[in-house]
Amino acid sequence: MIVKEILKDLNKAFENKVRLGIMSALVVNDSLDFNTLKNLLEVTDGNLASHLKSLEKSKYIKVKKEFIDRKPNTQYSATHSGKEAFVKHIKAIEQLLK
Amino acid sequence: MEKEKYISDLKDIRSMMDRSSRFISLSGMAGVVAGALALGGAYLAYETIYLQEQYFDYRQADASDSIVFQLVLIALGVLVLSLAAGFFLTQRRARKTRQSMWDAQARRMVINLFIPLAAGGILCLILLLKGFIGLLAPLTLIFYGLGLVNASKYTLTETRSLGIAEIVLGLLAAQFIGYGLFFWAIGFGALHIIYGLAMYLKYDREGDSERS
């Protein structure tokens with residue numbers, strides 16, 4: 001019964017390693033750009049882009065496109081609901097490990 | 001089985017939070033080298049002051065200017081050599097922690113270190129030109145400490161304690177101004193060596209064994 005309750009809080013969106021990594025990095029930074037995320041996670045452009053898209057669709061992250069020296073620069077940041085969902089997910093993991 | 005996956009998840013989360021927000025590749029050995037250089041510099045400075053004192057009788061004004069010039073040269077030498085050693089050793093370590101040497105985290109740490117440090121440096125230069133030499137040792141210690149405390153949010157958390165220790169030493173040095181060089185040698189020399197060794201034992205070695 002209790003285990004079931006906890007499992008409900010585990011978020012499918014964060015089961016994947018890359019998405020888990022993206023969220024971990026974004027909750028402790030105001031915002032990060034694509035290349036910084038890519039270097040941190042050590043994944044390919046396409047892989048990272050698809051995971052970012054899916055997190056964006058769930059409204060866990062928001063995207064801001066801007067130009068720096070006429071080069072496109074995309075900044076990613078965690079939304080309020082994204083941070084909430086992530087904290088809930090971590091708490092659920094901690095509960096399971098108790 | 002499930003449990004192991006979640007334990008590894010938590011580890012990943014923690015490591016990613018650290019790697020993305022802090023510059024964790026600071027080398028402990030760099031601290032040891034900087035400390036040794038500072039002790040060497042302090043010894044040279046002591047010798048310079050001590051030797052020149054014997055000639056104080058007949059060329060006091062002239063001597064004090066040339067002493068100051070030599071002391072500044074020694075200080076700059078220590079600074080440049082320490083930065084070079086720190087840069088080299090940290091780069092080697094960055095390769096091991098797979099963090100790049102000059103990423104957003106490193107930039108944030110350096111900027112936050114240099115805001116108090118640059119302000120203190122300029123203030124010291126102004127005081128030096130106005131002849132307040134005695135205040136240089138305490139003020140360099142205090143501003144360096146403030147810089148470390150400020151930068152500690154963006155690098156290894158232990159730098160915060162080092163910074164606070166430097167500030168306390170700086171204040172003591174301001175009270176006992178005649179022992180300025182002595183406090184300076186403790187702050188920049190001994191403390192760096194102790195801190196560097198502690199960091200080396202805690203992080204550098206641990207990192208090495210993880211990879212091997």
# chains A, B, ... in the order shown; residues from 1 in each chain; ligands from 1
$ closest_atom_pairs --of "chain A" --to "chain B" --cutoff "10 Å" --atoms "only C-alpha atoms" --output "CSV"
residue,atom,partner,partner_atom,distance
A:Phe14,CA,B:Asp9,CA,9.8
A:Glu15,CA,B:Asp9,CA,8.9
A:Asn16,CA,B:Asp9,CA,9.6
A:Lys17,CA,B:Asp9,CA,7.8
A:Leu20,CA,B:Ile13,CA,7.1
A:Gly21,CA,B:Met16,CA,6.2
A:Ile22,CA,B:Met16,CA,8.4
A:Met23,CA,B:Ile13,CA,8.5
A:Ser24,CA,B:Ile13,CA,5.4
A:Ala25,CA,B:Met17,CA,5.2
A:Leu26,CA,B:Met17,CA,8.3
A:Val27,CA,B:Met17,CA,7.9
A:Val28,CA,B:Met17,CA,6.2
A:Asn29,CA,B:Ser21,CA,6.4
A:Asp30,CA,B:Ser21,CA,9.8
A:Leu32,CA,B:Ala104,CA,9.0
A:Asp33,CA,B:Ala104,CA,9.9
A:Thr36,CA,B:Ala104,CA,7.7
A:Leu37,CA,B:Ser20,CA,8.4
A:Asn39,CA,B:Gln99,CA,8.5
A:Leu40,CA,B:Ser20,CA,6.8
A:Leu41,CA,B:Met16,CA,8.3
A:Glu42,CA,B:Arg98,CA,9.8
A:Ile90,CA,B:Leu10,CA,7.6
A:Ile93,CA,B:Tyr6,CA,6.4
A:Glu94,CA,B:Leu10,CA,8.5
A:Leu96,CA,B:Lys3,CA,7.8
A:Leu97,CA,B:Lys3,CA,6.7
$ residues_around --residues "range 51-59 of chain A" --least-positions-apart "2" --cutoff "10 Å" --atoms "only C-alpha atoms" --output "list in words"
Ala13, Phe14, Asn16, Val18, Arg19, Leu20, Ile22, Met23, Phe34, Gly46, Asn47, Leu48, Ala49, Ile61, Lys62, Val63, Tyr76, Ser77, Ala78, Thr79, His80, Ser81 and Gly82 of chain A
$ residues_around --residues "range 183-185 of chain B" --least-positions-apart "2" --cutoff "6 Å" --atoms "only C-alpha atoms" --output "PyMOL selection string"
chain B and resi 39+42+137+173+180-181+187-189
$ closest_residue --among "A:Leu10, A:Ala85, A:Val43, A:Ala92" --to "Tyr60 in chain A" --atoms "only C-alpha atoms"
A:Ala85
$ select_by_dssp --residues "range 35-211 of chain B" --states "alpha helix (DSSP H)" --output "NGL selection string"
:B and (35-53 or 60-97 or 104-129 or 136-151 or 159-175 or 180-184 or 191-199 or 205-211)
$ residues_around --residues "Gly41 in chain B" --least-positions-apart "5" --cutoff "7 Å" --atoms "only C-alpha atoms" --output "list of chain:residue names"
B:Ile74, B:Ala75, B:Val78
$ select_by_dssp --residues "chain A" --states "strand (DSSP E or B)" --output "PyMOL selection string"
chain A and resi 32-33+61-68+71-78
$ atom_distance --atom1 "CA of Thr90 in chain B" --atom2 "CA of Ser27 in chain B"
4.9 Å
$ residues_around --residues "Ile115 in chain B" --least-positions-apart "2" --cutoff "12 Å" --atoms "only C-alpha atoms" --output "list in words"
Arg108, Met109, Val110, Ile111, Asn112, Leu113, Leu117, Ala118, Ala119, Gly120, Gly121, Ile122, Phe143, Tyr144, Gly145, Leu146, Gly147, Leu148, Val149, Asn150 and Ala151 of chain B
$ write_last_selection --atoms "N, CA, C and O atoms" --output "PDB file, in the first residue's frame"
ATOM      1  N   ARG B 108      32.653  31.443 -13.475  1.00  0.00           N
ATOM      2  CA  ARG B 108      31.894  31.991 -12.362  1.00  0.00           C
ATOM      3  C   ARG B 108      32.755  32.046 -11.101  1.00  0.00           C
ATOM      4  O   ARG B 108      32.712  33.002 -10.346  1.00  0.00           O
ATOM      5  N   MET B 109      33.551  30.985 -10.888  1.00  0.00           N
ATOM      6  CA  MET B 109      34.403  30.956  -9.703  1.00  0.00           C
ATOM      7  C   MET B 109      35.440  32.079  -9.768  1.00  0.00           C
ATOM      8  O   MET B 109      35.614  32.832  -8.805  1.00  0.00           O
ATOM      9  N   VAL B 110      36.094  32.205 -10.933  1.00  0.00           N
ATOM     10  CA  VAL B 110      37.156  33.206 -11.066  1.00  0.00           C
ATOM     11  C   VAL B 110      36.602  34.626 -10.918  1.00  0.00           C
ATOM     12  O   VAL B 110      37.178  35.453 -10.209  1.00  0.00           O
ATOM     13  N   ILE B 111      35.453  34.884 -11.544  1.00  0.00           N
ATOM     14  CA  ILE B 111      34.866  36.223 -11.445  1.00  0.00           C
ATOM     15  C   ILE B 111      34.555  36.567  -9.994  1.00  0.00           C
ATOM     16  O   ILE B 111      34.883  37.643  -9.499  1.00  0.00           O
ATOM     17  N   ASN B 112      33.959  35.610  -9.277  1.00  0.00           N
ATOM     18  CA  ASN B 112      33.583  35.884  -7.893  1.00  0.00           C
ATOM     19  C   ASN B 112      34.785  35.979  -6.966  1.00  0.00           C
ATOM     20  O   ASN B 112      34.741  36.673  -5.956  1.00  0.00           O
ATOM     21  N   LEU B 113      35.866  35.274  -7.325  1.00  0.00           N
ATOM     22  CA  LEU B 113      37.101  35.395  -6.551  1.00  0.00           C
ATOM     23  C   LEU B 113      37.708  36.775  -6.769  1.00  0.00           C
ATOM     24  O   LEU B 113      38.197  37.416  -5.839  1.00  0.00           O
ATOM     25  N   LEU B 117      39.116  40.493  -4.711  1.00  0.00           N
ATOM     26  CA  LEU B 117      40.566  40.473  -4.868  1.00  0.00           C
ATOM     27  C   LEU B 117      41.062  41.702  -5.636  1.00  0.00           C
ATOM     28  O   LEU B 117      42.050  42.334  -5.257  1.00  0.00           O
ATOM     29  N   ALA B 118      40.360  42.054  -6.705  1.00  0.00           N
ATOM     30  CA  ALA B 118      40.776  43.209  -7.508  1.00  0.00           C
ATOM     31  C   ALA B 118      40.583  44.494  -6.710  1.00  0.00           C
ATOM     32  O   ALA B 118      41.455  45.375  -6.709  1.00  0.00           O
ATOM     33  N   ALA B 119      39.458  44.588  -5.997  1.00  0.00           N
ATOM     34  CA  ALA B 119      39.221  45.774  -5.177  1.00  0.00           C
ATOM     35  C   ALA B 119      40.343  45.916  -4.150  1.00  0.00           C
ATOM     36  O   ALA B 119      40.916  47.008  -3.973  1.00  0.00           O
ATOM     37  N   GLY B 120      40.696  44.807  -3.487  1.00  0.00           N
ATOM     38  CA  GLY B 120      41.771  44.828  -2.498  1.00  0.00           C
ATOM     39  C   GLY B 120      43.111  45.160  -3.132  1.00  0.00           C
ATOM     40  O   GLY B 120      43.902  45.911  -2.572  1.00  0.00           O
ATOM     41  N   GLY B 121      43.365  44.594  -4.295  1.00  0.00           N
ATOM     42  CA  GLY B 121      44.629  44.830  -4.985  1.00  0.00           C
ATOM     43  C   GLY B 121      44.813  46.300  -5.324  1.00  0.00           C
ATOM     44  O   GLY B 121      45.884  46.883  -5.091  1.00  0.00           O
ATOM     45  N   ILE B 122      43.746  46.908  -5.842  1.00  0.00           N
ATOM     46  CA  ILE B 122      43.821  48.328  -6.209  1.00  0.00           C
ATOM     47  C   ILE B 122      43.991  49.190  -4.955  1.00  0.00           C
ATOM     48  O   ILE B 122      44.819  50.108  -4.922  1.00  0.00           O
ATOM     49  N   PHE B 143      41.446  40.682   2.038  1.00  0.00           N
ATOM     50  CA  PHE B 143      40.746  40.674   0.746  1.00  0.00           C
ATOM     51  C   PHE B 143      40.845  39.317   0.053  1.00  0.00           C
ATOM     52  O   PHE B 143      39.899  38.880  -0.607  1.00  0.00           O
ATOM     53  N   TYR B 144      41.971  38.638   0.228  1.00  0.00           N
ATOM     54  CA  TYR B 144      42.084  37.292  -0.333  1.00  0.00           C
ATOM     55  C   TYR B 144      41.055  36.376   0.334  1.00  0.00           C
ATOM     56  O   TYR B 144      40.366  35.597  -0.337  1.00  0.00           O
ATOM     57  N   GLY B 145      40.936  36.506   1.652  1.00  0.00           N
ATOM     58  CA  GLY B 145      39.950  35.707   2.383  1.00  0.00           C
ATOM     59  C   GLY B 145      38.533  35.989   1.911  1.00  0.00           C
ATOM     60  O   GLY B 145      37.739  35.074   1.694  1.00  0.00           O
ATOM     61  N   LEU B 146      38.217  37.279   1.731  1.00  0.00           N
ATOM     62  CA  LEU B 146      36.877  37.645   1.246  1.00  0.00           C
ATOM     63  C   LEU B 146      36.629  37.054  -0.140  1.00  0.00           C
ATOM     64  O   LEU B 146      35.534  36.562  -0.434  1.00  0.00           O
ATOM     65  N   GLY B 147      37.663  37.089  -0.981  1.00  0.00           N
ATOM     66  CA  GLY B 147      37.540  36.523  -2.326  1.00  0.00           C
ATOM     67  C   GLY B 147      37.240  35.035  -2.259  1.00  0.00           C
ATOM     68  O   GLY B 147      36.361  34.528  -2.966  1.00  0.00           O
ATOM     69  N   LEU B 148      37.946  34.322  -1.380  1.00  0.00           N
ATOM     70  CA  LEU B 148      37.735  32.876  -1.251  1.00  0.00           C
ATOM     71  C   LEU B 148      36.327  32.564  -0.764  1.00  0.00           C
ATOM     72  O   LEU B 148      35.656  31.672  -1.281  1.00  0.00           O
ATOM     73  N   VAL B 149      35.868  33.311   0.256  1.00  0.00           N
ATOM     74  CA  VAL B 149      34.523  33.079   0.785  1.00  0.00           C
ATOM     75  C   VAL B 149      33.497  33.300  -0.332  1.00  0.00           C
ATOM     76  O   VAL B 149      32.569  32.517  -0.515  1.00  0.00           O
ATOM     77  N   ASN B 150      33.709  34.349  -1.110  1.00  0.00           N
ATOM     78  CA  ASN B 150      32.795  34.666  -2.199  1.00  0.00           C
ATOM     79  C   ASN B 150      32.816  33.592  -3.289  1.00  0.00           C
ATOM     80  O   ASN B 150      31.777  33.245  -3.846  1.00  0.00           O
ATOM     81  N   ALA B 151      33.999  33.051  -3.576  1.00  0.00           N
ATOM     82  CA  ALA B 151      34.122  32.061  -4.651  1.00  0.00           C
ATOM     83  C   ALA B 151      33.705  30.669  -4.193  1.00  0.00           C
ATOM     84  O   ALA B 151      33.440  29.801  -5.021  1.00  0.00           O
TER      85      ALA B 151
END
$ atom_distance --atom1 "CA of Gly31 in chain B" --atom2 "CA of Glu47 in chain B"
24.3 Å
$ atom_distance --atom1 "CA of Glu158 in chain B" --atom2 "CA of Ser25 in chain B"
13.1 Å
$ closest_residue --among "B:Gly86, B:Gly131, B:Gly163, B:Gly77" --to "Val32 in chain B" --atoms "only C-alpha atoms"
B:Gly86
